[in-house]
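Worksheet: one structure, shown below.
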Amino acid sequence: MAPTSTTQPEAPAAGTVPAAGPAISLDGVVKSFRTGSETVRAVDGVDLEIERGEFFSLLGPSGCGKTTTMRMIAGFEDPTEGVVRLDGRDVTGVAANHRDVNMVFQSYALFPHMSVADNVAFGLRRKRVPKAEITRRVGRMLDLVELGHRAKHRPSQLSGGQQQRVALARALVNEPSALLLDEPLGALDLKLRQSMQVELKRIQREVGITFVYVTHDQGEALTMSDRIAVMNNGVVEQLGAPAEIYERPATRFVADFIGTSNLVRGVVRTNAGGLWKVEVADGATALVAELPGSVTTGAHIHLTVRPEKVRIGTEQPEGEASRVPGTVTETVYMGAATHYQVDIGGGEEVTVYQQNASGSTLVAERGERVWLSWPPEHSYALPS
Amino acid sequence: MSNRKFTPYVLVLPAWVWLALFFVVPIGGMLSLSLTTGNVVTGFQQTFEVGNYAAAVSTYWEQILRSLLYGACATLVCIALGYPMAYWIAFRGGAHKSTYLLLILLPFFVSFVLRTISWRFFLSDNGVVLGPLKDLGLLPEGFAVLNSAPAVVLGLAYNFLPFMVLPIYAVLERMDPYLVEAAHDLYADRVQAFVRVILPVSLPGVFAGVLMTFIPTSADYVNASVLGGTHNTMIGNVIQTQYLVNNNYPIAASITFVLMGLLLVGIFSYARALGTERVMEVHA
């Protein structure tokens with residue numbers, strides 16, 4: 001946060017092959033803030049390695065430390081402890097204007113007194129790139145974001161989506177080793193947001209630059225990312241590919257935060273044929289393939305299962321599956337699917353999404369007794 | 001439905017009445033007065049005497065130019081002092097911004113004339129400031145600040161500084177702080193971030209501040225009469241003397257219109273040069 005005027009930013013020389021290893025790495029990074037007499041650890045020991053060309057998301061609720069983490073990568077905050085490396089080079093304490101990363105701000109932060117083209121050219125001019133090359137690169141970048149015809153307009157004359165793309169172009173034109181995006185789609189309406197998600201992914205594929213994407217929107221993170229770090233209370237709760245995080249949440253927080261998940265309390269009973277039997281609700285039996293390291297027979301655990309993995313029927317199901325009886329308390333018709341709330345006893349409710357495939361009708365009415373079943377591989381045990 | 005259609009006009013009515021009573025009517029009266037001949041004893045006749053204007057300009061062109069010059073100098077001093085103050089309060093004021101703003105406005109709690117007279121006391125030839133310096137031999141015995149052009153300019157700048165600070169502060173305060181971060185992110189150092197981003201974005205505030213200081217300072221007469229002595233009279237002093245001492249209303253009124261015309265021309269060319277559309281845009 002202390003830019004200096006002594007040296008010019010170190011732009012990577014044209015034609016150099018980037019060193020092997022991660023584009024960005026964080027090593028034991030801690031950031032604490034003082035508020036009055038209290039010290040808050042906004043980021044509490046984060047280790048990350050973000051690969052070259054990766055679309056990497058930092059996902060979490062507000063106040064989880066994701067934005068602070070990104071601001072430490074950008075150079076707007078200095079870590080209290082730990083090391084930040086860009087392309088293997090230790091940049092801890094290096095000012096933002098000397099870092100080869102560029103940011104897309106949530107508010108876009110476009111310079112209101114400059115034309116679109118001047119906004120995009122800003123970074124290149126500071127780097128003293130020759131005029132002809134600036135013109136060429138700005139033109140090419142505006143074409144990439146399909147705003148070539150708007151080059152002479154002021155940002156205030158553009159729509160929100162167009163401003164967003166100018167902000168993107170202004171950062172990308174510098175060909176940074178990584179692009180940092182702070183909730184860039186947050187201010188857009190749903191339709192525009194969805195089309196910009198596709199657009200961002202296309203641009204990232206075309207330019208091949210590492211994207212670090214901060215968002216609290218799990219849908220956004222799941223659709224766009226190669227990998228996601230789910231953050232809460234300043235730590236990374238889980239790091240993995242979207243499918244992995246969705247299908248196999250590692251902690252209760254992740255299970256709860258990503259999508260809708262059923263969390264059912266249970267007690268581990270016996271292991272039969274490689275599957276653990278877990279007693280849930282009022283004595284029903286659920287099956288899981290594995291238990292977390294510390295958990296053994298007799299332990300209290302939480303079982304997770306996604307609503308769309310649960311089958312609902314009036315007949316008792318057959319085969320090797322978790323089988324739990326219950327009473328329908330609510331049915332919600334959603335068009336493509338119907339949602340059921342089922343009371344399985346013991347104060348537990350399970351949500352079920354049933355696809356409305358051709359010919360299928362409402363499986364059960366409110367108040368009806370039903371059987372729920374799900375295969376053991378779609379259910380995970382988390383320590384209580 | 002027709003009710004609703006007229007609502008905006010009804011709402012704006014008090015403002016129009018106010019403007020008509022306290023602006024249009026007096027201005028009209030002054031205009032007709034400036035085109036009369038006569039004196040207080042025999043009365044003034046509406047002779048549409050345009051010669052009043054020629055007489056006003058040819059007699060008092062020196063004071064007119066001096067007023068514009070003093071106003072311009074005071075405005076520059078206000079920018080030089082006021083911009084850093086506004087900048088500091090907006091970006092470094094933290095939780096105490098309103099306290100600092102109050103401090104800026106605090107002199108307004110004392111009467112304008114009284115404040116100016118107290119400067120006379122402070123700057124007097126052997127007063128609290130110059131006296132000790134002369135005793136120590138740091139200044140020659142004959143050194144004086146009062147009754148000089150710099151004394152008038154500094155007095156004007158002192159009295160009108162808040163009118164420069166406040167509009168600049170308002171613009172800087174509202175500025176998206178991420179604009180500065182974005183500039184740093186795009187490789188600008190502190191100086192470049194200020195020159196390329198902060199300063200241009202805050203220009204509308206400077207523009208407003210210049211209007212709010214240049215117009216009243218160049219028409220002021222208190223500072224010149226209290227701090228300027230006899231050789232630094234401004235056009236405000238002339239108008240005052242013509243009205244209240246000589247009772248030469250036609251000349252006083254025509255000088256008033258000359259000054260007003262000059263200021264209007266100045267403001268419009270200034271707005272054109274700086275580009276008001278840009279001012280509008282930043283506010284949008």
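Convention: chains lettered A, B, ... in structure tokens order; per-chain residue numbering from 1; ligands numbered from 1 as shown.
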>> So that I can check the surroundings of A:Leu181, please list as a PyMOL selection string every protein, DNA and RNA residue that reaches within 8 Å of it, counting only C-alpha atoms and ignoring chain neighbours fewer than 4 positions away.
In response: chain A and resi 103-106+211-214
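Residues of chain B lying within 8 Å of chain A, counting only C-alpha atoms, are Asp176, Tyr178, Leu179, Glu181, Ala182, His184, Asp185, Leu186, Tyr187, Ala188, Asp189, Arg190, Val191, Val197, Pro200, Val201, Arg278, Glu281, Val282 and Ala284 of chain B.
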>> Taking only stretch 119-269 of chain B into account, list the residues labelled alpha helix (DSSP H) by DSSP (computed from the backbone), as JSON, numbers by chain.
In response: {"B": [119, 120, 121, 122, 130, 131, 132, 133, 134, 135, 149, 150, 151, 152, 153, 154, 155, 156, 157, 158, 159, 160, 161, 162, 163, 164, 165, 166, 167, 168, 169, 170, 171, 172, 173, 174, 177, 178, 179, 180, 181, 182, 183, 184, 185, 190, 191, 192, 193, 199, 200, 201, 202, 203, 204, 205, 206, 207, 208, 209, 210, 211, 212, 213, 214, 215, 216, 217, 218, 222, 223, 224, 225, 226, 227, 235, 236, 237, 238, 239, 240, 249, 250, 251, 252, 253, 254, 255, 256, 257, 258, 259, 260, 261, 262, 263, 264, 265, 266, 267, 268, 269]}
Please report, as JSON lines, each residue of stretch 38-72 of chain A lying at most 10 Å from stretch 257-281 of chain A, together with the nearest pair of atoms and the separation in Å rounded to one decimal; use only C-alpha atoms, and order rows by chain and ascending residue number.
{"residue": "A:Leu59", "atom": "CA", "partner": "A:Ile258", "partner_atom": "CA", "distance": 9.5}
{"residue": "A:Gly60", "atom": "CA", "partner": "A:Phe257", "partner_atom": "CA", "distance": 7.9}
{"residue": "A:Pro61", "atom": "CA", "partner": "A:Phe257", "partner_atom": "CA", "distance": 8.3}
Give me the residues near A:Met224 as an mmCIF file with C-alpha atoms, in the first residue's frame, where near means some atom within 9 Å (using only C-alpha atoms) and where sequence neighbours in that chain fewer than 5 positions away do not count.
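Below is the file that was written, out_1.cif:
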data_model
loop_
_atom_site.group_PDB
_atom_site.id
_atom_site.type_symbol
_atom_site.label_atom_id
_atom_site.label_comp_id
_atom_site.auth_asym_id
_atom_site.auth_seq_id
_atom_site.Cartn_x
_atom_site.Cartn_y
_atom_site.Cartn_z
ATOM 1 C CA PHE A 55 -9.153 -20.258 -13.182
ATOM 2 C CA PHE A 56 -8.949 -20.224 -9.410
ATOM 3 C CA SER A 57 -11.759 -19.054 -7.138
ATOM 4 C CA GLN A 197 -19.775 -15.849 -16.681
ATOM 5 C CA VAL A 198 -19.616 -17.568 -20.058
ATOM 6 C CA LEU A 200 -15.212 -14.454 -18.758
ATOM 7 C CA LYS A 201 -14.512 -18.134 -19.206
ATOM 8 C CA GLY A 219 -22.954 -21.038 -8.419
ATOM 9 C CA PRO A 242 -15.797 -27.821 -8.298
#
> Pick from A:Pro79, A:Gly160, A:Ala381, A:Glu220: nearest to A:Leu192, with only C-alpha atoms counted?
Replying inline: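 Smallest separation from A:Leu192 among the options: A:Gly160.
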> Do you know which residues are at most 12 Å from B:Ala252 counting only C-alpha atoms, after dropping those on the same chain fewer than 4 positions away, and could you put them as a ChimeraX atom specification?
Replying inline: /B:30-31,33-36,52-53,55-57,59-60,235-248,256-259
Pull C-alpha atoms from the residues just selected and write them as an mmCIF file, in the first residue's frame.
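Wrote it out as again_1.cif, contents follow:
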data_model
loop_
_atom_site.group_PDB
_atom_site.id
_atom_site.type_symbol
_atom_site.label_atom_id
_atom_site.label_comp_id
_atom_site.auth_asym_id
_atom_site.auth_seq_id
_atom_site.Cartn_x
_atom_site.Cartn_y
_atom_site.Cartn_z
ATOM 1 C CA MET B 30 -30.509 49.267 -10.425
ATOM 2 C CA LEU B 31 -30.475 49.084 -14.189
ATOM 3 C CA LEU B 33 -30.997 53.903 -11.801
ATOM 4 C CA SER B 34 -27.773 53.504 -13.758
ATOM 5 C CA LEU B 35 -29.433 55.244 -16.697
ATOM 6 C CA THR B 36 -30.541 58.371 -14.819
ATOM 7 C CA ASN B 52 -22.714 57.029 -16.959
ATOM 8 C CA TYR B 53 -21.066 53.788 -18.041
ATOM 9 C CA ALA B 55 -17.691 57.831 -17.087
ATOM 10 C CA ALA B 56 -17.560 54.893 -14.671
ATOM 11 C CA VAL B 57 -15.078 52.905 -16.757
ATOM 12 C CA THR B 59 -12.648 57.112 -14.086
ATOM 13 C CA TYR B 60 -12.318 53.817 -12.239
ATOM 14 C CA ILE B 235 -13.984 48.647 -6.958
ATOM 15 C CA GLY B 236 -16.153 47.622 -3.989
ATOM 16 C CA ASN B 237 -14.808 50.623 -2.081
ATOM 17 C CA VAL B 238 -15.642 52.917 -4.977
ATOM 18 C CA ILE B 239 -19.205 51.611 -5.188
ATOM 19 C CA GLN B 240 -19.601 52.026 -1.443
ATOM 20 C CA THR B 241 -18.292 55.600 -1.486
ATOM 21 C CA GLN B 242 -20.416 56.565 -4.467
ATOM 22 C CA TYR B 243 -23.554 55.200 -2.846
ATOM 23 C CA LEU B 244 -23.113 56.113 0.781
ATOM 24 C CA VAL B 245 -20.812 59.142 0.764
ATOM 25 C CA ASN B 246 -21.276 60.944 -2.548
ATOM 26 C CA ASN B 247 -24.846 59.720 -3.074
ATOM 27 C CA ASN B 248 -24.012 59.472 -6.780
ATOM 28 C CA THR B 256 -21.959 47.675 -10.368
ATOM 29 C CA PHE B 257 -23.145 46.545 -13.794
ATOM 30 C CA VAL B 258 -19.703 46.878 -15.327
ATOM 31 C CA LEU B 259 -18.267 44.657 -12.600
#
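Between atom CA of B:Val17 and atom CA of B:Ile215 lies a distance of 24.7 Å.
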> Near A:Glu49, within 6 Å and counting only C-alpha atoms, which residues show up once chain neighbours fewer than 4 positions away are dropped, as a PyMOL selection string?
Replying inline: chain A and resi 22+24-25
Could you write out the selected residues, including C-alpha atoms, as a compact mmCIF listing (two decimals), in the first residue's frame?
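Output (part-v4.txt):
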# COMPACT_ATOMS: atom_id res chain seq x y z
CA PRO A 22 2.98 -21.96 -9.49
CA ILE A 24 1.02 -17.43 -7.23
CA SER A 25 1.89 -19.02 -3.93
> For the atom pair atom CA of B:Gly38 and atom CA of B:Pro250, what is the interatomic distance in Å to one decimal place?
Replying inline: 8.4 Å
> Between A:Lys31, A:His216, A:His302, A:Lys66, which has the minimum distance to A:Ser384 (counting only C-alpha atoms)?
Replying inline: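 Nearest to A:Ser384: A:His302.
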Output as JSON lines one row per residue of stretch 135-214 of chain B within 7 Å of stretch 80-102 of chain B: the closest atom pair and its distance in Å to one decimal place, counting only C-alpha atoms, sorted by chain and residue number ascending.
{"residue": "B:Leu161", "atom": "CA", "partner": "B:Gly82", "partner_atom": "CA", "distance": 6.4}
{"residue": "B:Met164", "atom": "CA", "partner": "B:Gly82", "partner_atom": "CA", "distance": 5.9}
{"residue": "B:Val165", "atom": "CA", "partner": "B:Gly82", "partner_atom": "CA", "distance": 4.8}
{"residue": "B:Ile168", "atom": "CA", "partner": "B:Ala86", "partner_atom": "CA", "distance": 6.1}
{"residue": "B:Tyr169", "atom": "CA", "partner": "B:Ala86", "partner_atom": "CA", "distance": 4.6}
{"residue": "B:Leu172", "atom": "CA", "partner": "B:Ala90", "partner_atom": "CA", "distance": 6.1}
{"residue": "B:Glu173", "atom": "CA", "partner": "B:Ala90", "partner_atom": "CA", "distance": 5.1}
> Just asking: which residues within stretch 43-192 of chain B are strand (DSSP E or B) according to DSSP, as a list of chain:residue names?
Replying inline: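 DSSP on the backbone gives strand (DSSP E or B) at B:Gly43, B:Phe44, B:Gln45, B:Gln46.
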> atom CA of A:Ser177 to atom CA of A:Gly208: how many Å, to one decimal?
Replying inline: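 Going from atom CA of A:Ser177 over to atom CA of A:Gly208, I get 9.8 Å.
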